[in-house]
>>> print(open('start.json').read())   # JSON, C-alpha atoms
[["chain", "number", "residue", "atom", "x", "y", "z"],
["B", 1, "MET", "CA", 15.65, -4.84, -9.23],
["B", 2, "ASN", "CA", 12.74, -3.27, -7.43],
["B", 3, "ASP", "CA", 12.78, -4.38, -3.76],
["B", 4, "ILE", "CA", 9.09, -5.36, -3.83],
["B", 5, "LEU", "CA", 9.94, -8.02, -6.44],
["B", 6, "LYS", "CA", 12.61, -9.67, -4.27],
["B", 7, "PHE", "CA", 12.08, -12.85, -2.31],
["B", 8, "ARG", "CA", 14.02, -15.24, -0.13],
["B", 9, "ILE", "CA", 13.64, -18.99, 0.22],
["B", 10, "PHE", "CA", 13.81, -21.03, 3.40],
["B", 11, "SER", "CA", 14.76, -24.68, 2.95],
["B", 12, "LEU", "CA", 12.76, -27.00, 5.18],
["B", 13, "ILE", "CA", 15.24, -29.75, 4.34],
["B", 14, "ASN", "CA", 18.36, -27.89, 5.51],
["B", 15, "ASN", "CA", 16.54, -25.62, 7.98],
["B", 16, "GLU", "CA", 18.21, -22.50, 6.56],
["B", 17, "TYR", "CA", 17.78, -19.82, 3.92],
["B", 18, "ILE", "CA", 19.12, -20.36, 0.39],
["B", 19, "ASN", "CA", 22.24, -18.19, 0.12],
["B", 20, "GLU", "CA", 22.36, -15.18, -2.22],
["B", 21, "GLU", "CA", 24.70, -16.92, -4.65],
["B", 22, "ASN", "CA", 22.28, -19.83, -5.22],
["B", 23, "LEU", "CA", 19.10, -17.74, -5.02],
["B", 24, "LYS", "CA", 19.71, -16.43, -8.54],
["B", 25, "TYR", "CA", 18.86, -19.90, -9.92],
["B", 26, "PHE", "CA", 15.32, -19.82, -8.50],
["B", 27, "PHE", "CA", 12.32, -18.05, -9.99],
["B", 28, "ILE", "CA", 8.59, -17.84, -9.37],
["B", 29, "ASP", "CA", 5.86, -17.80, -12.03],
["B", 30, "ALA", "CA", 2.67, -15.71, -11.95],
["B", 31, "GLU", "CA", 0.81, -18.46, -10.06],
["B", 32, "GLY", "CA", 3.47, -18.56, -7.32],
["B", 33, "THR", "CA", 5.08, -21.86, -8.38],
["B", 34, "LEU", "CA", 8.77, -22.09, -7.51],
["B", 35, "TYR", "CA", 11.29, -23.32, -10.12],
["B", 36, "LEU", "CA", 15.01, -24.05, -10.16],
["B", 37, "LYS", "CA", 17.14, -23.58, -13.27],
["B", 38, "ARG", "CA", 19.73, -26.36, -13.34],
["B", 39, "LYS", "CA", 23.28, -25.99, -14.64],
["B", 40, "ASP", "CA", 22.33, -27.94, -17.79],
["B", 41, "GLY", "CA", 19.60, -25.34, -18.51],
["B", 42, "SER", "CA", 16.68, -27.58, -17.62],
["B", 43, "ILE", "CA", 13.92, -26.25, -15.35],
["B", 44, "LEU", "CA", 12.76, -28.15, -12.27],
["B", 45, "GLU", "CA", 9.51, -27.39, -10.44],
["B", 46, "ILE", "CA", 10.19, -27.28, -6.71],
["B", 47, "SER", "CA", 7.82, -28.86, -4.21],
["B", 48, "GLN", "CA", 6.19, -26.38, -1.83],
["B", 49, "GLU", "CA", 6.70, -29.01, 0.88],
["B", 50, "GLN", "CA", 10.47, -28.49, 0.69],
["B", 51, "PHE", "CA", 10.73, -24.70, 0.63],
["B", 52, "ILE", "CA", 8.98, -21.59, 1.94],
["B", 53, "VAL", "CA", 9.03, -18.48, -0.25],
["B", 54, "GLU", "CA", 8.97, -15.20, 1.68],
["B", 55, "ARG", "CA", 8.29, -12.01, -0.29],
["B", 56, "CYS", "CA", 9.91, -8.66, 0.36],
["B", 57, "ILE", "CA", 7.45, -5.96, 1.45],
["B", 58, "GLY", "CA", 9.49, -3.30, -0.38],
["B", 59, "LEU", "CA", 10.52, -1.40, 2.74],
["B", 60, "ARG", "CA", 13.65, -1.24, 4.89],
["B", 61, "ASP", "CA", 14.21, -1.04, 8.65],
["B", 62, "LYS", "CA", 16.26, 1.57, 10.53],
["B", 63, "ASN", "CA", 19.48, -0.25, 9.56],
["B", 64, "ASN", "CA", 18.53, -0.22, 5.85],
["B", 65, "LYS", "CA", 17.81, -3.98, 5.96],
["B", 66, "LEU", "CA", 15.04, -5.21, 3.66],
["B", 67, "ILE", "CA", 11.88, -6.41, 5.43],
["B", 68, "TYR", "CA", 10.34, -9.74, 4.35],
["B", 69, "GLU", "CA", 7.23, -11.62, 5.33],
["B", 70, "GLY", "CA", 8.18, -13.84, 8.25],
["B", 71, "ASP", "CA", 10.48, -11.20, 9.75],
["B", 72, "ILE", "CA", 10.22, -10.31, 13.41],
["B", 73, "LEU", "CA", 10.51, -6.58, 13.97],
["B", 74, "LYS", "CA", 10.86, -4.52, 17.09],
["B", 75, "ASN", "CA", 10.31, -0.88, 17.79],
["B", 76, "THR", "CA", 10.76, 0.83, 21.14],
["B", 77, "GLU", "CA", 7.53, -0.66, 22.47],
["B", 78, "GLN", "CA", 6.49, -3.84, 20.63],
["B", 79, "VAL", "CA", 7.51, -7.04, 18.85],
["B", 80, "ILE", "CA", 5.86, -7.37, 15.43],
["B", 81, "GLU", "CA", 5.65, -10.24, 12.94],
["B", 82, "VAL", "CA", 5.29, -9.50, 9.23],
["B", 83, "VAL", "CA", 2.65, -11.77, 7.65],
["B", 84, "PHE", "CA", 0.78, -11.92, 4.36],
["B", 85, "ASP", "CA", -3.00, -12.12, 4.65],
["B", 86, "GLU", "CA", -4.24, -14.28, 1.75],
["B", 87, "ARG", "CA", -7.83, -13.15, 2.31],
["B", 88, "LYS", "CA", -7.06, -9.43, 2.16],
["B", 89, "HIS", "CA", -4.14, -9.82, -0.27],
["B", 90, "CYS", "CA", -1.84, -7.56, 1.68],
["B", 91, "PHE", "CA", 1.06, -7.61, 4.10],
["B", 92, "MET", "CA", 0.06, -7.20, 7.74],
["B", 93, "PHE", "CA", 1.75, -6.35, 11.02],
["B", 94, "ASP", "CA", 0.88, -8.87, 13.71],
["B", 95, "TYR", "CA", 1.65, -7.07, 16.98],
["B", 96, "GLN", "CA", 2.73, -9.88, 19.31],
["B", 97, "ASP", "CA", 2.39, -7.90, 22.56],
["B", 98, "THR", "CA", -1.14, -6.57, 22.01],
["B", 99, "LYS", "CA", -2.42, -9.18, 19.54],
["B", 100, "ALA", "CA", -3.36, -6.35, 17.16],
["B", 101, "TYR", "CA", -3.37, -7.24, 13.46],
["B", 102, "LYS", "CA", -3.37, -4.47, 10.87],
["B", 103, "PRO", "CA", -2.34, -3.80, 7.26],
["B", 104, "ILE", "CA", 1.12, -2.40, 6.77],
["B", 105, "ASN", "CA", 0.92, 1.27, 5.96],
["B", 106, "CYS", "CA", 4.12, 2.45, 4.26],
["B", 107, "ILE", "CA", 3.86, 5.82, 5.97],
["B", 108, "ASP", "CA", 3.67, 4.17, 9.41],
["B", 109, "VAL", "CA", 6.81, 2.17, 8.64],
["B", 110, "LEU", "CA", 8.70, 5.14, 7.27],
["B", 111, "GLU", "CA", 7.72, 7.32, 10.23],
["B", 112, "ASP", "CA", 8.73, 4.64, 12.77],
["B", 113, "SER", "CA", 12.47, 5.25, 12.68],
["B", 114, "ASN", "CA", 12.97, 2.70, 15.49],
["B", 115, "LEU", "CA", 11.62, -0.25, 13.47],
["B", 116, "GLU", "CA", 14.30, -2.97, 13.28],
["B", 117, "VAL", "CA", 14.45, -6.54, 11.94],
["B", 118, "ILE", "CA", 15.58, -8.65, 14.90],
["B", 119, "SER", "CA", 14.75, -12.19, 13.82],
["B", 120, "ASN", "CA", 12.45, -14.28, 11.64],
["B", 121, "VAL", "CA", 9.84, -16.98, 12.21],
["B", 122, "HIS", "CA", 12.41, -19.71, 11.62],
["B", 123, "GLU", "CA", 14.65, -18.63, 14.49],
["B", 124, "ILE", "CA", 13.83, -18.86, 18.16],
["B", 125, "PHE", "CA", 12.68, -15.42, 19.27],
["B", 126, "GLU", "CA", 10.76, -16.13, 22.49],
["B", 127, "SER", "CA", 13.61, -14.55, 24.47],
["B", 128, "LEU", "CA", 13.00, -11.26, 22.66],
["B", 129, "TYR", "CA", 9.74, -10.56, 24.51]]
>>> encode(input="start.json", output="structure tokens")
Amino acid sequence: MNDILKFRIFSLINNEYINEENLKYFFIDAEGTLYLKRKDGSILEISQEQFIVERCIGLRDKNNKLIYEGDILKNTEQVIEVVFDERKHCFMFDYQDTKAYKPINCIDVLEDSNLEVISNVHEIFESLY
């Protein structure tokens, strides 16, 4: 599967990500609605109030780990949050140290060999600053 088509799901009920084994039972339609395929074959629409879907940006960090929206990255100088800008319809880097906010340029990511996923928005990362 193409990395840009991957996603992960954070459960607001259990306060954790859905594990890889169970993730295969979830799918998203063209409008972004989340569904669960039950063992009996029936399809259940999932409430957006229970889960957060985070899309993969299609790139990897220096440790070959996929980068998703909601990830907290660090390079040698800054802490960066990956966000999706609904208005501009693109992934953005939100530079936490300088408050800069700019579209993710694949070349910038590929050239920044120090870029590393260190956390995500669901974990406490204040101590990383």
>>> atom_distance(input="start.json", atom1="CA of Ser47 (chain B)", atom2="CA of Thr33 (chain B)")
8.6 Å
>>> closest_atom_pairs(input="start.json", of="region 26-126 of chain B", to="region 2-5 of chain B", cutoff="7 Å", atoms="all atoms listed in the file", output="Markdown table")
| residue | atom | partner | partner_atom | distance |
| --- | --- | --- | --- | --- |
| B:Cys56 | CA | B:Ile4 | CA | 5.4 |
| B:Ile57 | CA | B:Ile4 | CA | 5.6 |
| B:Gly58 | CA | B:Ile4 | CA | 4.0 |
>>> atom_distance(input="start.json", atom1="CA of Gly41 (chain B)", atom2="CA of Tyr68 (chain B)")
29.2 Å
>>> closest_residue(input="start.json", among="B:Arg38, B:Lys62, B:Lys88, B:Lys24", to="Lys74 (chain B)", atoms="only C-alpha atoms")
B:Lys62
>>> atom_distance(input="start.json", atom1="CA of Glu86 (chain B)", atom2="CA of Leu36 (chain B)")
24.7 Å
>>> closest_residue(input="start.json", among="B:Gly70, B:Asn64, B:Asn14, B:Val53", to="Val121 (chain B)", atoms="all atoms listed in the file")
B:Gly70
>>> residues_near_point(input="start.json", point="(10.7, -27.1, 5.2)", cutoff="12 Å", atoms="all atoms listed in the file", output="PyMOL selection string")
chain B and resi 9-18+46-53+122
>>> residues_around(input="start.json", residues="region 90-102 of chain B", least_positions_apart="5", cutoff="9 Å", atoms="only C-alpha atoms", output="PyMOL selection string")
chain B and resi 57+69+77-85+129
>>> closest_residue(input="start.json", among="B:Thr76, B:Asn22, B:His89, B:Asp61", to="Val117 (chain B)", atoms="only C-alpha atoms")
B:Asp61
>>> closest_residue(input="start.json", among="B:Leu59, B:Lys6, B:Tyr25, B:Ser119", to="Ser42 (chain B)", atoms="only C-alpha atoms")
B:Tyr25
